[in-house]
Structures are given as C-alpha cells and as structure tokens.
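Asker: Structure file work.txt, compact mmCIF, C-alpha atoms, is pasted below:
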# COMPACT_ATOMS: atom_id res chain seq x y z
CA PHE A 161 16.81 -6.21 -0.58
CA GLY A 162 15.03 -7.61 2.50
CA VAL A 163 15.77 -7.77 6.20
CA GLY A 164 18.65 -10.22 5.90
CA SER A 165 20.63 -8.20 3.38
CA TRP A 166 19.84 -4.97 5.24
CA ALA A 167 21.17 -6.41 8.50
CA ALA A 168 24.31 -7.64 6.78
CA SER A 169 24.94 -4.20 5.25
CA VAL A 170 24.37 -2.48 8.59
CA MET A 171 26.88 -4.70 10.34
CA ARG A 172 29.32 -4.35 7.46
CA ASP A 173 29.41 -0.60 6.93
CA GLY A 174 27.75 0.87 10.00
CA ARG A 175 24.77 2.91 8.75
CA GLY A 176 24.79 4.54 12.20
CA PHE A 177 24.33 1.30 14.20
CA ASP A 178 26.77 -1.03 15.91
CA ALA A 179 26.43 -4.78 15.38
CA ALA A 180 24.56 -5.37 18.64
CA THR A 181 22.04 -2.63 17.94
CA ALA A 182 21.49 -3.82 14.37
CA GLY A 183 20.98 -7.36 15.62
CA SER A 184 18.42 -6.19 18.17
CA ILE A 185 16.51 -4.17 15.59
CA VAL A 186 16.39 -7.11 13.19
CA ALA A 187 15.21 -9.44 15.96
CA LEU A 188 12.48 -7.01 16.97
CA TYR A 189 11.48 -6.54 13.36
CA TYR A 190 11.18 -10.27 12.71
CA GLY A 191 9.12 -10.58 15.88
CA ALA A 192 6.78 -7.85 14.71
CA ILE A 193 6.46 -9.45 11.28
CA THR A 194 5.55 -12.78 12.86
CA ALA A 195 3.06 -11.16 15.23
CA GLY A 196 1.20 -9.30 12.54
CA ARG A 197 3.24 -7.58 9.83
CA VAL A 198 3.51 -4.47 12.00
CA VAL A 199 0.11 -3.47 10.64
CA SER A 200 -1.76 -3.03 13.89
CA GLY A 201 0.19 -0.16 15.43
CA LEU A 202 1.49 1.38 12.22
CA TYR A 203 -1.77 1.62 10.33
CA ALA A 204 -4.17 2.02 13.25
CA ASP A 205 -2.28 5.19 14.15
CA ARG A 206 -2.02 6.27 10.53
CA LEU A 207 -5.70 5.62 9.89
CA GLY A 208 -6.71 7.50 13.02
CA ASN A 209 -4.72 10.54 11.92
CA ARG A 210 -6.23 10.44 8.43
CA LEU A 211 -9.80 10.09 9.68
CA MET A 212 -9.49 12.91 12.16
CA ALA A 213 -7.58 15.26 9.86
CA ARG A 214 -9.21 14.53 6.52
CA ALA A 215 -12.78 13.53 7.33
CA GLY A 216 -13.36 16.22 9.94
CA LEU A 217 -14.86 13.96 12.60
CA ALA A 218 -13.89 16.36 15.36
CA THR A 219 -15.57 19.23 13.51
CA ALA A 220 -18.72 17.18 12.96
CA ALA A 221 -18.88 16.34 16.66
CA GLN A 222 -18.45 19.98 17.57
CA ILE A 223 -21.28 21.04 15.23
CA ILE A 224 -23.56 18.45 16.81
CA ALA A 225 -22.69 19.67 20.31
CA THR A 226 -23.51 23.29 19.44
CA ASN A 227 -26.70 22.56 17.48
CA LEU A 228 -28.59 20.13 19.72
CA GLU A 229 -31.94 21.57 18.66
CA ASP A 230 -31.30 21.35 14.92
CA ARG A 231 -32.22 17.77 14.00
CA GLU A 232 -31.33 18.24 10.33
CA LYS A 233 -27.77 19.37 11.09
CA ILE A 234 -27.35 16.59 13.62
CA GLN A 235 -28.57 13.93 11.17
CA THR A 236 -26.28 15.24 8.43
CA ARG A 237 -23.23 15.06 10.71
CA VAL A 238 -24.21 11.66 12.10
CA ASP A 239 -24.53 10.28 8.57
CA ARG A 240 -21.10 11.69 7.72
CA ILE A 241 -19.51 10.19 10.83
CA LYS A 242 -21.12 6.81 10.11
CA LYS A 243 -19.80 6.86 6.54
CA MET A 244 -16.27 7.64 7.71
CA VAL A 245 -16.38 4.94 10.39
CA ASP A 246 -17.62 2.36 7.87
CA GLN A 247 -14.85 3.30 5.44
CA GLY A 248 -12.27 3.19 8.21
CA SER A 249 -13.48 -0.23 9.30
CA ALA A 250 -13.21 -1.52 5.74
CA ILE A 251 -9.63 -0.28 5.50
CA VAL A 252 -8.67 -1.87 8.80
CA ARG A 253 -10.27 -5.18 7.80
CA ALA A 254 -8.38 -5.15 4.51
CA ILE A 255 -5.06 -4.23 6.10
CA LEU A 256 -5.41 -6.79 8.88
CA GLY A 257 -6.70 -9.49 6.57
CA LEU A 258 -3.56 -11.61 6.69
CA THR A 259 -3.23 -11.36 10.47
CA LEU A 260 -6.84 -12.26 11.16
CA THR A 261 -7.42 -14.99 8.60
CA GLY A 262 -4.02 -16.56 8.19
CA ARG A 263 -2.72 -18.07 4.99
CA ARG A 264 -5.32 -18.32 2.23
CA ALA A 265 -5.24 -20.21 -1.05
CA ALA A 266 -5.63 -18.43 -4.36
CA GLN A 267 -9.20 -17.54 -5.24
CA SER A 268 -10.87 -16.50 -8.45
CA VAL A 269 -11.65 -12.79 -8.59
CA ASP A 270 -12.81 -10.23 -11.10
CA LEU A 271 -9.50 -8.36 -11.23
CA VAL A 272 -10.82 -5.02 -12.46
CA GLY A 273 -13.61 -5.06 -9.87
CA PHE A 274 -11.11 -6.06 -7.19
CA LEU A 275 -8.81 -3.16 -8.08
CA GLN A 276 -11.69 -0.68 -8.18
CA GLU A 277 -12.85 -1.84 -4.75
CA THR A 278 -9.32 -1.48 -3.35
CA VAL A 279 -9.08 2.08 -4.67
CA ARG A 280 -12.51 2.91 -3.21
CA LEU A 281 -11.27 1.82 0.22
CA VAL A 282 -8.73 4.64 0.28
CA ALA A 283 -10.40 7.24 -1.95
CA ASP A 284 -11.90 9.32 0.85
CA GLN A 285 -8.72 9.06 2.93
CA LEU A 286 -6.53 10.70 0.29
CA PRO A 287 -5.52 14.35 0.75
CA ASP A 288 -7.53 16.99 -1.08
CA GLY A 289 -6.62 17.21 -4.76
CA ILE A 290 -5.21 13.67 -5.02
CA HIS A 291 -7.29 11.18 -7.00
CA ALA A 292 -6.78 7.48 -7.70
CA GLU A 293 -8.18 5.63 -10.69
CA VAL A 294 -8.01 2.15 -12.23
CA GLU A 295 -7.06 1.57 -15.87
CA VAL A 296 -6.63 -1.57 -17.96
CA SER A 297 -3.72 -1.72 -20.40
CA PRO A 298 -4.36 -2.50 -24.09
CA GLU A 299 -3.38 -6.16 -23.71
CA GLY A 300 -6.25 -6.54 -21.24
CA VAL A 301 -6.65 -8.89 -18.28
CA PRO A 302 -8.55 -12.17 -17.88
CA ARG A 303 -12.16 -11.75 -16.78
CA ALA A 304 -11.51 -14.00 -13.78
CA CYS A 305 -8.05 -14.44 -12.22
CA ALA A 306 -6.99 -17.06 -9.68
CA ILE A 307 -4.68 -15.02 -7.41
CA ARG A 308 -3.74 -14.49 -3.75
CA SER A 309 -6.13 -11.55 -3.50
CA ASP A 310 -5.82 -11.10 0.29
CA LEU A 311 -2.09 -10.46 0.04
CA LEU A 312 -2.37 -8.42 -3.15
CA ARG A 313 -4.87 -6.07 -1.48
CA GLN A 314 -2.47 -5.43 1.40
CA VAL A 315 0.39 -4.71 -0.98
CA LEU A 316 -1.73 -2.31 -3.01
CA LEU A 317 -3.11 -0.47 0.04
CA ASN A 318 0.45 0.16 1.20
CA LEU A 319 1.49 1.35 -2.25
CA LEU A 320 -1.54 3.64 -2.60
CA PHE A 321 -0.87 5.32 0.75
CA ASN A 322 2.82 5.56 -0.15
CA ALA A 323 1.97 7.18 -3.48
CA ALA A 324 -0.28 9.74 -1.80
CA ASP A 325 2.43 10.55 0.75
CA ALA A 326 4.91 11.16 -2.08
CA MET A 327 2.86 14.11 -3.34
CA SER A 328 3.07 17.57 -1.82
CA GLY A 329 0.05 18.90 -3.73
CA PRO A 330 -2.69 17.88 -6.16
CA GLY A 331 -1.95 14.86 -8.31
CA ARG A 332 -3.16 11.59 -9.75
CA ILE A 333 -2.48 7.97 -8.81
CA ARG A 334 -3.02 5.49 -11.63
CA VAL A 335 -3.51 1.78 -10.99
CA LEU A 336 -2.82 0.14 -14.34
CA ALA A 337 -3.45 -3.59 -14.84
CA GLY A 338 -2.20 -5.73 -17.69
CA ARG A 339 -0.89 -9.20 -18.46
CA THR A 340 2.57 -10.33 -19.51
CA LYS A 341 4.29 -13.55 -20.50
CA GLU A 342 7.78 -12.08 -20.22
CA LEU A 343 9.21 -10.50 -17.09
CA PRO A 344 11.31 -7.33 -17.47
CA SER A 345 14.83 -6.83 -16.20
CA GLY A 346 15.59 -4.91 -13.03
CA LEU A 347 13.25 -6.82 -10.73
CA VAL A 348 13.64 -6.08 -7.03
CA LEU A 349 11.85 -9.33 -6.22
CA THR A 350 11.36 -12.23 -8.64
CA PRO A 351 7.84 -13.70 -8.71
CA ALA A 352 6.93 -17.37 -8.60
CA GLU A 353 7.31 -19.01 -11.99
CA ALA A 354 4.21 -19.03 -14.16
CA ALA A 355 3.40 -19.08 -17.85
CA GLU A 356 1.71 -15.72 -17.42
CA HIS A 357 1.68 -12.91 -14.85
CA ILE A 358 -0.63 -10.02 -14.14
CA ALA A 359 1.28 -6.74 -13.86
CA VAL A 360 -0.35 -4.17 -11.58
CA ARG A 361 1.34 -0.76 -11.70
CA VAL A 362 0.81 1.95 -9.09
CA ILE A 363 1.92 5.19 -10.74
CA ASP A 364 2.16 8.49 -8.87
CA SER A 365 3.07 12.02 -9.94
CA GLY A 366 5.06 12.77 -6.81
CA HIS A 367 8.58 13.98 -6.12
CA GLY A 368 10.26 10.79 -7.33
CA ILE A 369 13.17 8.92 -5.77
CA ALA A 370 16.81 9.67 -6.49
CA SER A 371 18.77 6.83 -8.08
CA GLU A 372 21.27 6.69 -5.21
CA VAL A 373 18.40 6.22 -2.73
CA LEU A 374 16.34 3.73 -4.73
CA PRO A 375 18.28 0.60 -3.63
CA ARG A 376 17.43 1.30 0.02
CA ILE A 377 13.70 2.01 -0.05
CA PHE A 378 12.69 -1.49 1.11
CA GLU A 379 15.02 -1.43 4.11
CA PRO A 380 13.34 -1.33 7.54
CA PHE A 381 13.09 2.18 9.03
CA PHE A 382 14.39 3.88 5.89
CA THR A 383 12.10 6.66 4.67
CA THR A 384 12.07 9.22 1.88
CA LYS A 385 9.20 11.14 3.48
CA ALA A 386 11.54 13.98 4.37
CA LEU A 387 11.00 15.03 0.75
CA SER A 388 7.24 15.28 1.17
CA THR A 389 4.75 16.83 3.56
CA GLN A 390 4.15 13.48 5.29
CA LYS A 391 6.16 11.83 8.05
CA GLY A 392 7.02 8.19 7.51
CA THR A 393 7.94 5.31 9.78
CA GLY A 394 10.10 3.60 7.19
CA LEU A 395 8.13 0.34 7.41
CA GLY A 396 5.46 0.66 4.70
CA LEU A 397 7.61 -0.46 1.77
CA THR A 398 9.31 -3.11 3.90
CA MET A 399 5.86 -4.55 4.52
CA VAL A 400 5.20 -4.45 0.77
CA TYR A 401 8.37 -6.45 0.14
CA GLU A 402 7.72 -9.05 2.84
CA ILE A 403 4.06 -9.58 1.94
CA ALA A 404 4.90 -9.76 -1.77
CA LYS A 405 7.58 -12.37 -1.04
CA GLU A 406 5.08 -14.50 0.89
CA GLY A 407 2.54 -14.24 -1.93
CA GLY A 408 5.03 -15.20 -4.63
CA PHE A 409 4.69 -11.76 -6.23
CA GLY A 410 7.43 -9.88 -8.06
CA LEU A 411 8.33 -6.22 -7.59
CA ARG A 412 9.88 -3.59 -9.82
CA VAL A 413 10.44 0.13 -9.16
CA GLU A 414 11.03 2.93 -11.67
CA SER A 415 11.37 6.55 -10.62
CA VAL A 416 12.29 9.94 -12.06
CA VAL A 417 12.95 12.83 -9.69
CA GLN A 418 10.25 15.52 -9.89
CA GLN A 419 8.14 13.32 -12.19
CA GLY A 420 7.00 10.41 -10.10
CA THR A 421 7.43 6.73 -9.28
CA THR A 422 5.97 3.49 -10.62
CA PHE A 423 5.77 0.36 -8.47
CA THR A 424 4.88 -2.76 -10.44
CA VAL A 425 3.59 -5.91 -8.74
CA PHE A 426 3.85 -9.08 -10.83
CA VAL A 427 1.21 -11.60 -9.75
CA PRO A 428 1.46 -15.18 -11.04
CA LEU A 429 -1.78 -16.54 -12.42
CA GLU A 430 -2.32 -19.69 -10.38
CA SER A 431 -3.73 -21.62 -13.33
CA SER A 432 -0.49 -21.04 -15.22
CA ARG A 433 2.04 -21.55 -12.40
CA VAL A 434 4.95 -23.86 -13.10
CA ALA A 435 5.06 -26.79 -10.71
As structure tokens, how would this structure be written, given the file I've shared?

Answerer:
Amino acid sequence: FGVGSWAASVMRDGRGFDAATAGSIVALYYGAITAGRVVSGLYADRLGNRLMARAGLATAAQIIATNLEDREKIQTRVDRIKKMVDQGSAIVRAILGLTLTGRRAAQSVDLVGFLQETVRLVADQLPDGIHAEVEVSPEGVPRACAIRSDLLRQVLLNLLFNAADAMSGPGRIRVLAGRTKELPSGLVLTPAEAAEHIAVRVIDSGHGIASEVLPRIFEPFFTTKALSTQKGTGLGLTMVYEIAKEGGFGLRVESVVQQGTTFTVFVPLESSRVA
C-alpha cells in the first residue's frame, strides 16, 4: 500500500491513467501531504456540510430572524449555534493538530479518557441513529500510556468519520482498546518495534468491503462510498495510512460484506519501544 506502490501499479497496468497523468497526480498528492495532509480543504468542506446539514444552523438562524421579539426562542437558538460552533472548532483543531504544531514527542495520556474525548468530538456530527462508544477489552490498558497522541487522534477521527459514512442507516461504532505483546498476521502497515502495543479497534456495522476491493482502500482517490449514502473524495484512508506511518503505528483491516469493517491501529508504547 501507499503512494509509491499505487503509482507503480497505475503506471504498470493503467487504472485509467497514462504514465504522465499518474506522475502528475502523485506529485500533486505529495505536495498536498507536505503542505498539510490535505486536511484543510478536505475536512473544512466536510465539516461545513455536516454542521449545516446535521446541526440545523440554517434553521436556527431562520427561527431567530422570524421571532425577533421572542427572547426565549432567540436565546435557545443562540445557545445551540454556539454549542455547534464550539464543537466544530474542536474538531478542526484536532484535525489540523499536526499541521499547526508540527512534530510532537510522545506524551503520557489517560488512554480511555483520550478515546472518550475523541469520540465526543464527533458524536454530534454523526448522522441520526449512529452512535459511537468506547470499550476496554478484558486484557485492559495501562492507566497512563506514553504515545503520539496528536497523530493517533487524527487517525481515529478519520476512521470514525469513515465508519459513519459506511452506514446507510442506524448503527453502532465501537472503539475497543486493548494491549498486545504479539502482532497478528495480515498487517497492512507494520508498527515500530516495541515490547508491547496498544490495539485500538474502530468497528462499524456498515456495508463492509469486498475482498477484491480491500487491497486498494488506502490508494489515493479510491473510494467505496458508492456503496453508501455518502460521497467520498478517496483521500480519508490514504491520510490514515500516511499519518499512521509517520507515527510508527501499525494498521490492520478486517471486513465482511453486509456485516461491517474493523480497522485496528497498533500503537507502540514508547516506554517499551525497541531501540
């Protein structure tokens, strides 16, 4: 997976592009990654659509305009708008964290609290009937983990939005955290070596991904959103891959058509990393 292997495959077997076009796309993509992980345009637009469509800001503004004498109605709508703006700002800050702050060292975090906060950032932006929740696997997690939390948050935000987009109706997204000393087979991306890793699984109950499509989901501009009610740009999972690679995280994907998909992020515990 990754941009390099995608470009090679495009030039080798076509995929609808000639070599010059493929080369241009790859060059543009690398430029966008360097400039800011493509997050600014991709997610600013996506966030704007979600806020307007899901939070009803336009409706709230209209109610205010037609009830200028009703202070109670105005205050209710103003409070709602303020809440949505605050939530939107928090999402943007989290998504743009890498671009704005640059490379950060690992920091100690309360992992369960960190995951719960990440889920709260997107909870009110999810379509009606879709709920996200955090669970801890039986093996548990350390109370405090030294991890690259800025990068992990960006990966998880992308995966949460991707999971929601994979559902065409009500459903549940589970974020399951556990620890492991042995990595499974079938990794898409191998994590940095460590004596122990935290495994964070994002599990949806969506339409699933066909086995013949699965090897391509991290390619730039490839999207499976035609199977759902959402339109995709084909860059969200590519961002997941690139950010995970920078953070030294591992990735694994399991999917069953009509049952759902599980993305697992393997995060090396910094205190147990192998030098």

Asker: Please measure the separation of CA of Pro344 in chain A and CA of His291 in chain A, giving the value in Å to one decimal.

Answerer: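 Computing it gives 28.3 Å between the two atoms.
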
Asker: Quick one: pull the distance between CA of Ile223 in chain A and CA of Asp239 in chain A, Å, one decimal.

Answerer: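 Value for the CA of Ile223 in chain A-CA of Asp239 in chain A distance: 13.1 Å.
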
Asker: Fewer than 2 positions away in the same chain doesn't count, so skip those; otherwise give me all residues within 9 Å of Ile224 in chain A, counting all atoms listed in the file, as a list in words.

Answerer: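 Once the nearby chain positions are removed, what remains is Thr219, Ala220, Ala221, Gln222, Thr226, Asn227, Leu228, Asp230, Lys233, Ile234, Gln235, Arg237 and Val238 of chain A.
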
Asker: Which residue is closest to Val348 in chain A? Choose from A:Glu277, A:Glu402, A:Asp270, A:Asp325 and count only C-alpha atoms.

Answerer: A:Glu402

Asker: Please provide the set of residues having any atom within 8 Å of range 356-369 of chain A, restricted to all atoms listed in the file, with same-chain residues fewer than 4 positions apart removed, written as a VMD selection string.

Answerer: chain A and resid 301 316 319 to 320 323 to 324 326 to 328 331 to 342 373 to 374 384 387 to 388 415 to 429 432 to 433

Asker: Can you tell me, as a count of residues only, what residues are no more than 12 Å from Ala304 in chain A when counting only C-alpha atoms, ignoring any on the same chain fewer than 3 positions away?

Answerer: 17

Asker: Padding 5 Å on each side, edges along x, y and z: where is the centre of the box around the listed atoms of range 410-425 of chain A, and how long are its edges in Å to one decimal? Output it as AutoDock Vina command-line options.

Answerer:
--center_x 8.3 --center_y 2.8 --center_z -9.9 --size_x 19.4 --size_y 35.4 --size_z 14.6

Asker: Just how far from CA of Gly289 in chain A is CA of Tyr401 in chain A, in Å to one decimal?

Answerer: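 Going from CA of Tyr401 in chain A over to CA of Gly289 in chain A covers 28.4 Å.
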
Asker: Just checking: using only C-alpha atoms, which residue out of A:Asp310, A:Asp284, A:Glu406, A:Glu295 ends up closest to Arg240 in chain A?

Answerer: A:Asp284

Asker: Return the single residue from A:Val279, A:Gly410, A:Ala292, A:Thr350 that is closest to Leu317 in chain A, with distances computed using only C-alpha atoms.

Answerer: A:Val279

Asker: Tell me which of A:Gly396, A:Glu414, A:Glu299, A:Phe409 sits closest to Ser371 in chain A, counting all atoms listed in the file.

Answerer: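 Result for the nearest residue to Ser371 in chain A: A:Glu414.
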